[in-house]
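Novice: Just so it is clear, I am handing over data-v1.cif, which has mmCIF, C-alpha atoms.
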data_run
loop_
_atom_site.label_atom_id
_atom_site.label_comp_id
_atom_site.auth_asym_id
_atom_site.auth_seq_id
_atom_site.Cartn_x
_atom_site.Cartn_y
_atom_site.Cartn_z
CA MET A 1 -17.42 28.76 33.38
CA ARG A 2 -19.67 25.88 34.36
CA SER A 3 -22.80 27.93 33.57
CA PHE A 4 -21.34 28.77 30.15
CA PHE A 5 -20.96 25.08 29.30
CA ARG A 6 -24.41 24.34 30.74
CA ASN A 7 -25.94 27.04 28.53
CA TRP A 8 -24.08 26.36 25.35
CA TRP A 9 -23.20 22.63 25.39
CA ARG A 10 -25.47 21.84 22.43
CA LEU A 11 -23.76 24.38 20.24
CA LEU A 12 -20.33 23.15 21.39
CA VAL A 13 -21.32 19.55 20.56
CA ALA A 14 -22.54 20.73 17.12
CA VAL A 15 -19.19 22.45 16.48
CA ALA A 16 -17.24 19.38 17.66
CA LEU A 17 -19.29 17.09 15.39
CA LEU A 18 -18.80 19.46 12.48
CA VAL A 19 -15.03 19.52 13.05
CA ALA A 20 -15.01 15.70 13.17
CA ALA A 21 -17.05 15.57 9.94
CA ILE A 22 -14.61 17.95 8.22
CA GLN A 23 -11.66 15.88 9.45
CA ILE A 24 -13.21 12.70 8.02
CA PHE A 25 -14.05 14.52 4.80
CA VAL A 26 -10.49 15.70 4.31
CA ARG A 27 -8.75 12.60 5.66
CA PRO A 28 -10.99 9.50 5.78
CA SER A 29 -10.10 7.41 8.83
CA LYS A 30 -9.41 3.66 8.73
CA ALA A 31 -10.78 3.35 12.27
CA LEU A 32 -14.29 4.02 10.96
CA GLU A 33 -14.21 0.79 8.95
CA ARG A 34 -15.32 -0.93 12.12
CA ALA A 35 -18.64 0.90 11.84
CA GLU A 36 -19.28 -0.48 8.32
CA PRO A 37 -21.71 -3.18 9.56
CA VAL A 38 -24.04 -0.38 10.69
CA ARG A 39 -23.98 1.13 7.23
CA ALA A 40 -24.49 -2.31 5.65
CA ALA A 41 -27.53 -2.81 7.91
CA GLY A 42 -28.87 0.53 6.70
CA VAL A 43 -28.42 -0.54 3.09
CA VAL A 44 -30.38 -3.73 3.82
CA LEU A 45 -33.25 -1.54 5.08
CA PHE A 46 -33.45 0.16 1.69
CA ARG A 47 -33.11 -3.01 -0.37
CA PRO A 48 -36.84 -3.88 -0.56
CA PHE A 49 -37.65 -0.38 -1.78
CA TYR A 50 -35.06 -0.18 -4.54
CA SER A 51 -35.68 -3.78 -5.61
CA VAL A 52 -39.40 -3.07 -6.00
CA ALA A 53 -38.71 0.26 -7.75
CA ASP A 54 -36.31 -1.46 -10.12
CA PHE A 55 -38.81 -4.28 -10.78
CA LEU A 56 -41.61 -1.79 -11.51
CA ARG A 57 -39.36 0.31 -13.73
CA GLY A 58 -38.28 -2.81 -15.64
CA GLY A 59 -41.90 -3.95 -16.02
CA MET A 60 -43.05 -0.56 -17.27
CA SER A 61 -40.21 -0.25 -19.76
CA GLY A 62 -40.99 -3.83 -20.91
CA ILE A 63 -44.63 -2.94 -21.59
CA TRP A 64 -43.50 0.17 -23.40
CA SER A 65 -40.87 -1.52 -25.54
CA ARG A 66 -42.87 -4.67 -26.29
CA TYR A 67 -46.24 -3.13 -27.10
CA ILE A 68 -46.43 0.64 -27.38
CA ALA A 69 -43.09 1.33 -29.01
CA LEU A 70 -43.75 -1.27 -31.75
CA VAL A 71 -45.49 1.43 -33.76
CA GLY A 72 -43.18 2.24 -36.66
CA VAL A 73 -40.84 -0.65 -35.85
CA SER A 74 -40.73 -1.90 -39.47
CA ARG A 75 -39.36 1.46 -40.64
CA GLU A 76 -36.71 1.35 -37.92
CA ASN A 77 -35.93 -2.25 -38.83
CA GLU A 78 -35.19 -1.24 -42.41
CA ARG A 79 -32.97 1.61 -41.25
CA LEU A 80 -31.09 -0.71 -38.89
CA ARG A 81 -30.53 -3.26 -41.66
CA LYS A 82 -28.91 -0.59 -43.77
CA GLU A 83 -26.81 0.49 -40.80
CA VAL A 84 -25.67 -3.11 -40.21
CA MET A 85 -24.60 -3.37 -43.84
CA ASP A 86 -22.60 -0.14 -43.54
CA LEU A 87 -21.00 -1.30 -40.32
CA ARG A 88 -20.05 -4.67 -41.87
CA GLU A 89 -18.30 -2.86 -44.67
CA ARG A 90 -16.48 -0.68 -42.21
CA LEU A 91 -15.53 -3.72 -40.15
CA HIS A 92 -13.87 -5.31 -43.18
CA GLU A 93 -11.91 -2.12 -43.70
CA THR A 94 -10.71 -1.90 -40.13
CA ARG A 95 -9.86 -5.61 -39.79
CA ASP A 96 -6.56 -5.08 -41.60
CA ALA A 97 -5.71 -2.21 -39.31
CA VAL A 98 -6.54 -4.32 -36.25
CA LEU A 99 -4.29 -7.16 -37.45
CA GLU A 100 -1.47 -4.74 -38.10
CA ASN A 101 -1.98 -3.25 -34.68
CA ARG A 102 -1.80 -6.73 -33.12
CA ARG A 103 1.47 -7.52 -34.89
CA LEU A 104 2.97 -4.24 -33.74
CA LYS A 105 1.86 -4.92 -30.21
CA ASP A 106 3.55 -8.30 -30.26
CA LEU A 107 6.64 -6.73 -31.72
CA LEU A 108 6.87 -4.17 -28.96
CA ARG A 109 6.03 -6.82 -26.32
CA TYR A 110 3.06 -4.89 -25.14
CA SER A 111 0.46 -7.34 -24.09
CA GLU A 112 -2.44 -7.22 -21.79
CA THR A 113 -1.45 -9.19 -18.73
CA VAL A 114 -4.80 -9.30 -17.02
CA GLU A 115 -7.83 -10.65 -18.74
CA ARG A 116 -10.61 -8.25 -17.87
CA ARG A 117 -13.91 -9.62 -16.74
CA ALA A 118 -16.94 -7.39 -16.79
CA LEU A 119 -20.19 -7.61 -14.91
CA GLY A 120 -23.47 -6.06 -16.03
CA ALA A 121 -25.35 -4.08 -13.39
CA ARG A 122 -28.55 -2.08 -13.31
CA VAL A 123 -28.75 1.52 -12.11
CA VAL A 124 -31.24 1.63 -9.24
CA GLY A 125 -30.87 5.23 -8.05
CA HIS A 126 -29.06 8.55 -8.18
CA ASP A 127 -27.46 10.64 -5.46
CA VAL A 128 -29.86 13.59 -5.18
CA SER A 129 -27.64 15.74 -2.95
CA PRO A 130 -26.53 18.98 -4.61
CA TRP A 131 -22.82 18.54 -3.92
CA PHE A 132 -21.97 15.07 -5.20
CA ARG A 133 -22.53 13.24 -8.49
CA ALA A 134 -23.09 9.53 -8.01
CA ILE A 135 -25.36 6.66 -9.03
CA PHE A 136 -26.29 3.46 -7.22
CA LEU A 137 -26.07 -0.03 -8.75
CA GLY A 138 -28.26 -2.91 -7.62
CA THR A 139 -25.26 -5.26 -7.46
CA GLY A 140 -22.65 -5.17 -4.73
CA SER A 141 -19.74 -6.88 -3.06
CA GLU A 142 -21.41 -10.34 -3.28
CA ALA A 143 -20.75 -10.25 -7.06
CA GLY A 144 -17.09 -9.36 -6.60
CA ILE A 145 -17.43 -5.58 -6.94
CA GLU A 146 -14.77 -3.70 -5.01
CA ASP A 147 -13.96 -0.08 -4.35
CA GLY A 148 -12.00 1.58 -7.17
CA MET A 149 -13.24 -0.63 -10.03
CA SER A 150 -14.11 1.08 -13.31
CA VAL A 151 -17.69 1.43 -14.52
CA VAL A 152 -18.31 1.85 -18.25
CA THR A 153 -20.99 1.59 -20.93
CA PRO A 154 -20.50 0.81 -24.64
CA TYR A 155 -20.71 4.59 -25.24
CA GLY A 156 -18.03 5.64 -22.76
CA ALA A 157 -16.88 5.90 -19.16
CA VAL A 158 -19.30 6.30 -16.26
CA GLY A 159 -17.05 6.44 -13.20
CA ARG A 160 -15.45 4.43 -10.44
CA ILE A 161 -16.89 2.35 -7.60
CA HIS A 162 -16.78 4.57 -4.53
CA LYS A 163 -18.27 2.22 -1.95
CA SER A 164 -19.54 -1.32 -2.31
CA HIS A 165 -21.95 -3.03 0.08
CA PRO A 166 -23.79 -6.34 -0.16
CA GLY A 167 -26.50 -5.72 -2.74
CA LEU A 168 -25.60 -2.10 -3.52
CA SER A 169 -22.67 -0.21 -5.01
CA GLU A 170 -22.08 3.49 -5.21
CA VAL A 171 -20.43 4.87 -8.36
CA LEU A 172 -18.62 8.19 -8.31
CA LEU A 173 -19.37 9.71 -11.72
CA VAL A 174 -16.66 11.20 -13.92
CA THR A 175 -18.43 14.56 -13.55
CA ASP A 176 -18.03 14.62 -9.75
CA GLY A 177 -15.55 17.22 -8.54
CA ARG A 178 -13.56 14.54 -6.70
CA PHE A 179 -12.96 12.47 -9.85
CA ALA A 180 -9.62 12.88 -11.61
CA ALA A 181 -7.89 10.59 -14.11
CA ASP A 182 -5.12 10.58 -16.70
CA VAL A 183 -6.55 11.07 -20.21
CA MET A 184 -5.29 11.80 -23.70
CA VAL A 185 -6.53 13.42 -26.87
CA GLU A 186 -7.20 10.56 -29.29
CA ARG A 187 -5.99 12.48 -32.37
CA SER A 188 -2.86 14.25 -31.11
CA ARG A 189 -2.01 11.96 -28.12
CA VAL A 190 -1.68 15.00 -25.84
CA ARG A 191 -1.99 13.92 -22.21
CA ALA A 192 -3.87 15.75 -19.45
CA ILE A 193 -5.75 15.26 -16.21
CA ALA A 194 -9.54 15.13 -16.53
CA GLU A 195 -11.56 16.46 -13.62
CA GLY A 196 -15.33 16.55 -13.12
CA VAL A 197 -17.03 19.94 -13.08
CA GLY A 198 -20.68 18.95 -12.62
CA GLY A 199 -23.49 18.99 -15.16
CA ASN A 200 -22.42 16.61 -17.90
CA PHE A 201 -18.94 18.10 -18.23
CA CYS A 202 -15.30 17.58 -17.31
CA ARG A 203 -12.33 19.88 -17.77
CA LEU A 204 -8.79 19.08 -18.80
CA LYS A 205 -6.03 20.34 -16.53
CA TYR A 206 -2.41 21.12 -17.37
CA VAL A 207 -2.82 21.45 -21.15
CA SER A 208 -0.04 23.75 -22.34
CA PRO A 209 -0.88 26.41 -25.00
CA ALA A 210 1.62 24.64 -27.28
CA HIS A 211 -0.42 21.42 -27.23
CA ASP A 212 -2.75 20.57 -30.06
CA VAL A 213 -6.32 20.35 -28.76
CA ALA A 214 -9.32 21.42 -30.82
CA VAL A 215 -13.08 21.47 -30.48
CA GLY A 216 -14.51 18.10 -31.52
CA ASP A 217 -11.48 16.07 -30.39
CA ARG A 218 -12.31 12.80 -28.66
CA ILE A 219 -10.80 12.33 -25.20
CA VAL A 220 -9.94 8.81 -24.06
CA PHE A 221 -8.46 7.43 -20.85
CA SER A 222 -4.74 6.76 -21.12
CA GLY A 223 -4.73 3.95 -18.54
CA PHE A 224 -1.36 5.13 -17.20
CA ASP A 225 -2.64 5.95 -13.71
CA GLY A 226 -4.37 2.56 -13.44
CA SER A 227 -7.70 4.15 -12.58
CA MET A 228 -9.59 3.44 -15.83
CA PRO A 229 -8.92 1.03 -18.71
CA LYS A 230 -6.95 2.42 -21.62
CA GLY A 231 -8.94 3.66 -24.61
CA VAL A 232 -12.31 4.08 -22.90
CA LEU A 233 -14.01 7.20 -24.23
CA LEU A 234 -14.55 10.07 -21.81
CA GLY A 235 -16.17 12.55 -24.19
CA THR A 236 -15.69 15.24 -26.80
CA VAL A 237 -14.05 18.64 -26.47
CA VAL A 238 -16.71 21.37 -26.67
CA SER A 239 -14.63 24.47 -25.95
CA VAL A 240 -10.97 25.47 -25.88
CA ASP A 241 -9.99 28.76 -24.31
CA ARG A 242 -6.44 30.11 -24.45
CA PRO A 243 -6.26 32.97 -21.94
CA LYS A 244 -3.19 35.18 -22.44
CA GLU A 245 -2.36 35.46 -18.75
CA SER A 246 -2.64 31.73 -18.00
CA LEU A 247 -0.03 28.99 -18.31
CA PHE A 248 -2.59 26.42 -19.42
CA GLN A 249 -5.50 26.15 -21.82
CA LYS A 250 -9.03 25.84 -20.50
CA VAL A 251 -10.51 22.78 -22.15
CA LYS A 252 -14.10 21.71 -21.53
CA VAL A 253 -15.23 18.19 -22.38
CA GLN A 254 -18.79 16.97 -22.76
CA CYS A 255 -19.09 13.42 -21.46
CA ALA A 256 -20.09 10.72 -23.93
CA VAL A 257 -22.61 9.22 -21.52
CA ASN A 258 -25.74 10.99 -20.37
CA PHE A 259 -25.79 10.01 -16.70
CA GLN A 260 -29.45 10.84 -16.17
CA ASP A 261 -30.55 8.32 -18.79
CA VAL A 262 -28.11 5.48 -18.20
CA GLU A 263 -29.91 2.30 -17.07
CA GLU A 264 -27.36 -0.49 -17.37
CA VAL A 265 -23.61 -0.33 -16.92
CA MET A 266 -20.65 -2.70 -16.93
CA VAL A 267 -18.32 -2.98 -13.96
CA ILE A 268 -14.81 -4.06 -14.92
CA LEU A 269 -13.97 -6.59 -12.26
CA SER A 270 -10.22 -6.16 -12.42
CA ARG A 271 -8.28 -3.00 -12.12
CA PRO A 272 -6.59 -2.06 -15.40
CA SER A 273 -2.95 -3.09 -15.64
CA VAL A 274 -0.30 -0.38 -15.62
CA PRO A 275 1.74 -1.03 -18.83
CA PHE A 276 5.29 -0.45 -17.67
CA ARG A 277 4.84 -2.30 -14.38
CA ALA A 278 3.08 -5.22 -16.02
CA GLY A 279 6.05 -5.68 -18.30
CA LYS A 280 8.43 -6.04 -15.36
CA GLU A 281 6.45 -8.68 -13.52
CA MET B 1 -42.67 6.62 20.49
CA ARG B 2 -45.35 7.83 18.10
CA TYR B 3 -43.12 10.73 17.06
CA PHE B 4 -40.16 8.48 16.55
CA LEU B 5 -42.20 6.23 14.25
CA VAL B 6 -43.69 9.16 12.29
CA LEU B 7 -40.26 10.75 11.69
CA LEU B 8 -38.67 7.38 10.91
CA ALA B 9 -41.38 6.50 8.38
CA SER B 10 -41.45 9.92 6.72
CA SER B 11 -37.67 10.16 6.37
CA TYR B 12 -37.40 6.55 5.12
CA LEU B 13 -40.21 6.88 2.59
CA GLY B 14 -39.09 10.37 1.53
CA ALA B 15 -35.48 9.32 1.00
CA SER B 16 -36.50 6.11 -0.77
CA LEU B 17 -38.91 7.87 -3.09
CA CYS B 18 -36.39 10.57 -3.99
CA VAL B 19 -33.28 8.40 -4.40
CA TRP B 20 -34.66 5.15 -5.80
CA GLY B 21 -37.93 6.27 -7.37
CA LEU B 22 -37.89 9.80 -8.74
CA SER B 23 -34.17 10.53 -9.14
CA GLY B 24 -33.97 9.64 -12.84
CA LEU B 25 -37.14 11.55 -13.74
CA VAL B 26 -37.22 14.68 -11.58
CA PRO B 27 -34.21 17.05 -11.38
CA TRP B 28 -32.32 16.91 -8.07
CA PHE B 29 -33.19 20.49 -7.11
CA LEU B 30 -36.92 19.69 -7.07
CA LEU B 31 -36.52 16.74 -4.71
CA PRO B 32 -36.90 17.81 -1.08
CA ASP B 33 -34.44 16.42 1.47
CA PHE B 34 -36.86 14.56 3.78
CA PRO B 35 -34.22 13.17 6.17
CA PHE B 36 -32.91 16.74 6.57
CA LEU B 37 -36.42 17.94 7.47
CA ALA B 38 -36.86 15.09 9.97
CA ILE B 39 -33.57 15.97 11.68
CA VAL B 40 -34.40 19.67 11.87
CA PHE B 41 -37.91 18.94 13.15
CA SER B 42 -36.62 16.66 15.91
CA GLY B 43 -34.12 19.37 16.87
CA LEU B 44 -36.67 22.17 16.91
CA PHE B 45 -39.72 20.46 18.38
CA VAL B 46 -38.92 17.14 20.06
CA PRO B 47 -37.30 17.79 23.44
CA GLY B 48 -34.75 15.74 25.35
CA ILE B 49 -33.27 12.38 24.48
CA GLY B 50 -36.33 11.59 22.33
CA GLY B 51 -35.28 14.23 19.81
CA PHE B 52 -31.78 12.80 19.67
CA LEU B 53 -33.12 9.29 19.05
CA CYS B 54 -35.52 10.63 16.40
CA ALA B 55 -32.59 12.28 14.58
CA LEU B 56 -30.42 9.13 14.43
CA PRO B 57 -32.24 7.13 11.68
CA PRO B 58 -32.61 10.08 9.25
CA ALA B 59 -28.92 10.86 9.76
CA LEU B 60 -28.11 7.25 8.84
CA PHE B 61 -30.37 7.46 5.78
CA ARG B 62 -28.53 10.59 4.64
CA GLU B 63 -25.22 8.81 5.16
CA ILE B 64 -26.31 5.87 2.98
CA THR B 65 -27.89 7.86 0.16
CA THR B 66 -25.14 10.47 -0.21
CA SER B 67 -21.77 9.72 -1.76
CA ALA B 68 -19.74 11.75 0.76
CA PRO B 69 -16.71 10.16 2.49
CA SER B 70 -17.78 7.49 4.99
CA TRP B 71 -19.60 8.80 8.07
CA SER B 72 -18.96 12.48 7.33
CA MET B 73 -22.61 13.01 6.36
CA PHE B 74 -23.80 11.23 9.49
CA LEU B 75 -21.68 13.42 11.76
CA GLY B 76 -22.65 16.53 9.80
CA SER B 77 -26.32 15.61 10.19
CA MET B 78 -25.94 15.14 13.93
CA ALA B 79 -24.22 18.54 14.11
CA LEU B 80 -27.27 19.86 12.27
CA TYR B 81 -29.50 18.30 14.94
CA PHE B 82 -27.63 20.00 17.80
CA ALA B 83 -27.59 23.34 15.96
CA SER B 84 -31.35 23.16 15.34
CA ARG B 85 -31.86 22.13 18.98
CA GLU B 86 -30.04 25.27 20.05
CA ILE B 87 -32.13 27.41 17.68
CA GLY B 88 -35.30 25.76 19.02
CA ARG B 89 -34.31 26.63 22.59
CA ARG B 90 -33.21 30.23 21.94
CA PHE B 91 -35.98 31.39 19.58
CA HIS B 92 -39.71 31.09 19.75
CA LEU B 93 -40.56 29.34 16.48
CA ARG B 94 -44.33 29.30 16.38
CA ASN B 95 -45.05 31.52 13.37
CA GLU B 96 -44.34 30.93 9.70
CA PRO B 97 -41.70 33.62 9.00
CA ALA B 98 -39.53 32.57 11.96
CA LEU B 99 -39.75 28.92 11.00
CA LEU B 100 -39.04 29.68 7.35
CA SER B 101 -35.97 31.75 8.19
CA ALA B 102 -34.67 29.04 10.57
CA VAL B 103 -34.98 26.29 7.92
CA VAL B 104 -33.56 28.49 5.15
CA SER B 105 -30.57 29.48 7.28
CA LEU B 106 -29.86 25.84 8.24
CA LEU B 107 -30.11 24.65 4.62
CA ALA B 108 -27.96 27.53 3.37
CA THR B 109 -25.35 27.04 6.12
CA GLU B 110 -25.06 23.32 5.37
CA SER B 111 -24.80 23.93 1.64
CA PHE B 112 -22.24 26.67 2.06
CA SER B 113 -20.10 24.52 4.43
CA VAL B 114 -19.94 21.60 1.99
CA LEU B 115 -19.31 23.99 -0.90
CA LEU B 116 -16.45 25.62 0.99
CA LEU B 117 -14.98 22.26 1.94
CA LEU B 118 -15.12 20.96 -1.63
CA SER B 119 -13.63 24.19 -2.97
CA LEU B 120 -10.79 24.04 -0.43
CA SER B 121 -10.06 20.45 -1.40
CA GLY B 122 -9.58 21.59 -5.00
CA ALA B 123 -12.84 20.37 -6.52
CA ARG B 124 -14.90 22.98 -8.34
CA PRO B 125 -17.98 21.28 -9.69
CA PHE B 126 -20.10 24.42 -9.23
CA SER B 127 -21.36 27.06 -11.63
CA PHE B 128 -23.90 29.87 -11.72
CA LEU B 129 -26.46 27.38 -12.97
CA TRP B 130 -25.70 25.14 -9.99
CA GLY B 131 -26.12 28.15 -7.67
CA ALA B 132 -29.53 28.94 -9.16
CA GLN B 133 -30.61 25.30 -8.86
CA GLU B 134 -29.41 25.14 -5.27
CA ALA B 135 -31.38 28.31 -4.47
CA VAL B 136 -34.49 26.64 -5.90
CA ARG B 137 -33.83 23.53 -3.79
CA ILE B 138 -33.42 25.58 -0.61
CA ALA B 139 -36.55 27.64 -1.30
CA TRP B 140 -38.61 24.59 -2.26
CA THR B 141 -37.53 22.48 0.73
CA SER B 142 -38.15 25.38 3.13
CA LEU B 143 -41.60 26.07 1.71
CA ILE B 144 -42.53 22.43 2.22
CA ALA B 145 -41.04 22.47 5.72
CA VAL B 146 -43.15 25.32 7.14
CA PRO B 147 -46.67 23.81 6.85
CA LEU B 148 -45.35 20.35 7.69
CA PHE B 149 -43.56 21.54 10.82
CA LEU B 150 -46.46 23.70 12.01
CA ASP B 151 -48.97 20.91 11.51
CA LEU B 152 -46.82 18.29 13.23
CA SER B 153 -45.88 20.60 16.12
CA VAL B 154 -49.56 21.48 16.76
CA ARG B 155 -50.45 17.78 16.80
CA TRP B 156 -47.54 17.13 19.15
CA ARG B 157 -48.74 19.86 21.52
CA ARG B 158 -52.29 18.45 21.45
CA VAL B 159 -51.01 14.99 22.29
CA ARG B 160 -49.01 16.38 25.22
CA GLU B 161 -51.96 18.39 26.53
#
So, in terms of structure tokens, how does the structure I just supplied come out?

Specialist:
Amino acid sequence: MRSFFRNWWRLLVAVALLVAAIQIFVRPSKALERAEPVRAAGVVLFRPFYSVADFLRGGMSGIWSRYIALVGVSRENERLRKEVMDLRERLHETRDAVLENRRLKDLLRYSETVERRALGARVVGHDVSPWFRAIFLGTGSEAGIEDGMSVVTPYGAVGRIHKSHPGLSEVLLVTDGRFAADVMVERSRVRAIAEGVGGNFCRLKYVSPAHDVAVGDRIVFSGFDGSMPKGVLLGTVVSVDRPKESLFQKVKVQCAVNFQDVEEVMVILSRPSVPFRAGKE
Amino acid sequence: MRYFLVLLASSYLGASLCVWGLSGLVPWFLLPDFPFLAIVFSGLFVPGIGGFLCALPPALFREITTSAPSWSMFLGSMALYFASREIGRRFHLRNEPALLSAVVSLLATESFSVLLLLSLSGARPFSFLWGAQEAVRIAWTSLIAVPLFLDLSVRWRRVRE
């Protein structure tokens, strides 16, 4: 028996470590929070590298946008002017609808209880492992970022803060397999659970065949589960499959944000309020 | 000490370059996992407590740069070290095919374990395209590993002699 352990102790240690890793993976332990200073020290080691990389990237994009990309800028300027005019017209049209919406909100005593503050942050890196989809932000807990906060861009949702350290935050993207949130179809108000499926896609779970979902529908976060602010765009439906033998439709959503190209994001510094609870308080 | 510094520097610079420098430009499956290679090398070629100490920093780098639940990647990486140590002791890894098959099997085993774990937990962010990309990553990382490992192990032997 003793010779067996002497011969195979390395393999036994490997198996024990693997079992411990699986246990932590399935059920993260609170006891490991004590080891967080070690991780924070590791993050500090990387800070010079990602700060320099970010600085160089910013400098290069500055040279590009200020000098090289100025070719043809007058044509683009003219196009943008026209676009601004169109948008102004549209704004006048929607202002009435916004006012009406406000009055209805007051009438129904739905009000936002928490004033949301947002913080701009730069993307300094991506998780390059094959199994997880995440990005790193160059701003961390020193700026008030906490785990679970929502990360968005003007074009749509990016994800949630997974871990925050001093000087660095890790964002779990909406396309990661571990991401799930309550969403709804903007047009028909059908609710579902969105789950990441990798690439630039999510899928909608628990959509009954009777529900009205069509290709091209915009999917927004409902805000009911408190994980993301209400109304933030997730993406657009690209395929709807109604298998005969299944209880639910298979709905695939293309995310509004291209996560490879995103450079700046906004972190919403307060968790979104849950409507029915906020009313009681 | 020299080995410790070489593995520390290569895994730090490799991880930094991939995660903070090239990640937005180059697809993930073309970026080799340098901390992984450093851990496997220290398991296969650096004997005793020295190998263990050499494997600790790359395991920490993997933990920081991967969005897995806290410390699971670190423990998984240390399990990888002990498994590669066992392979290094049982098999004579001095020629290219043996080394290539050892690295490929370790990469594939790790990938399959995480895949299985994620699938069991209900997440299914994997497709045929992902499988093809992962195969490219494994092949690419292994092909880089063989000349690197052989060169470093020969130097190590010369230093010892």

Novice: With a cut-off of 9 Å and counting all atoms listed in the file, select all residues of chain B in contact with chain A and give the selection as a PyMOL selection string.

Specialist: chain B and resi 12-13+16-25+27-29+31+33+57+60-61+63-83+85-86+111+114-115+117-118+121-127+130+133-134+137

Novice: I'd like the interatomic distance between atom CA of Pro97 of chain B and atom CA of Val26 of chain B, to a tenth of an Å.

Specialist: 28.3 Å

Novice: Evaluate the PyMOL selection byres ((chain B and resi 37) around 9) against this structure - the residues, as a list in words, please.

Specialist: Ser11, Pro32, Asp33, Phe34, Pro35, Phe36, Ala38, Ile39, Val40, Phe41, Ser42, Pro58, Val103, Thr141, Ser142, Ala145 and Phe149 of chain B

Novice: With only C-alpha atoms as the atoms that count, which of B:Ser105, B:Ile138, B:Leu150, B:Leu129 lies nearest to Phe45 of chain B?

Specialist: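 Among the listed residues, B:Leu150 lies closest to Phe45 of chain B.
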
Novice: Hey, which of B:Ala15, B:Val46, B:Leu116, B:Ala102 ends up closest to Arg155 of chain B? Count all atoms listed in the file.

Specialist: B:Val46

Novice: Hey, could you patch up segment 65-79 of chain B with N, CA and C atoms and hand it over as a CSV table (one decimal), in the coordinates of the input?

Specialist:
chain,number,residue,atom,x,y,z
B,65,THR,N,-27.4,7.4,1.5
B,65,THR,CA,-27.9,7.9,0.2
B,65,THR,C,-27.1,9.0,-0.4
B,66,THR,N,-26.0,9.4,0.3
B,66,THR,CA,-25.1,10.5,-0.2
B,66,THR,C,-23.7,9.9,-0.4
B,67,SER,N,-23.1,10.3,-1.5
B,67,SER,CA,-21.8,9.7,-1.8
B,67,SER,C,-20.6,10.5,-1.1
B,68,ALA,N,-20.8,11.0,0.0
B,68,ALA,CA,-19.7,11.8,0.8
B,68,ALA,C,-18.8,10.7,1.4
B,69,PRO,N,-17.6,11.1,1.8
B,69,PRO,CA,-16.7,10.2,2.5
B,69,PRO,C,-17.4,9.5,3.7
B,70,SER,N,-17.1,8.3,4.0
B,70,SER,CA,-17.8,7.5,5.0
B,70,SER,C,-18.0,8.2,6.3
B,71,TRP,N,-19.2,8.3,6.8
B,71,TRP,CA,-19.6,8.8,8.1
B,71,TRP,C,-19.5,10.3,8.2
B,72,SER,N,-19.0,11.0,7.2
B,72,SER,CA,-19.0,12.5,7.3
B,72,SER,C,-20.4,13.1,7.3
B,73,MET,N,-21.2,12.5,6.5
B,73,MET,CA,-22.6,13.0,6.4
B,73,MET,C,-23.4,12.7,7.6
B,74,PHE,N,-23.1,11.6,8.2
B,74,PHE,CA,-23.8,11.2,9.5
B,74,PHE,C,-23.4,12.2,10.6
B,75,LEU,N,-22.1,12.5,10.7
B,75,LEU,CA,-21.7,13.4,11.8
B,75,LEU,C,-22.2,14.8,11.5
B,76,GLY,N,-22.1,15.2,10.2
B,76,GLY,CA,-22.6,16.5,9.8
B,76,GLY,C,-24.1,16.7,10.1
B,77,SER,N,-24.9,15.6,9.9
B,77,SER,CA,-26.3,15.6,10.2
B,77,SER,C,-26.6,15.7,11.7
B,78,MET,N,-25.8,15.0,12.5
B,78,MET,CA,-25.9,15.1,13.9
B,78,MET,C,-25.6,16.5,14.4
B,79,ALA,N,-24.6,17.1,13.8
B,79,ALA,CA,-24.2,18.5,14.1
B,79,ALA,C,-25.4,19.4,13.8
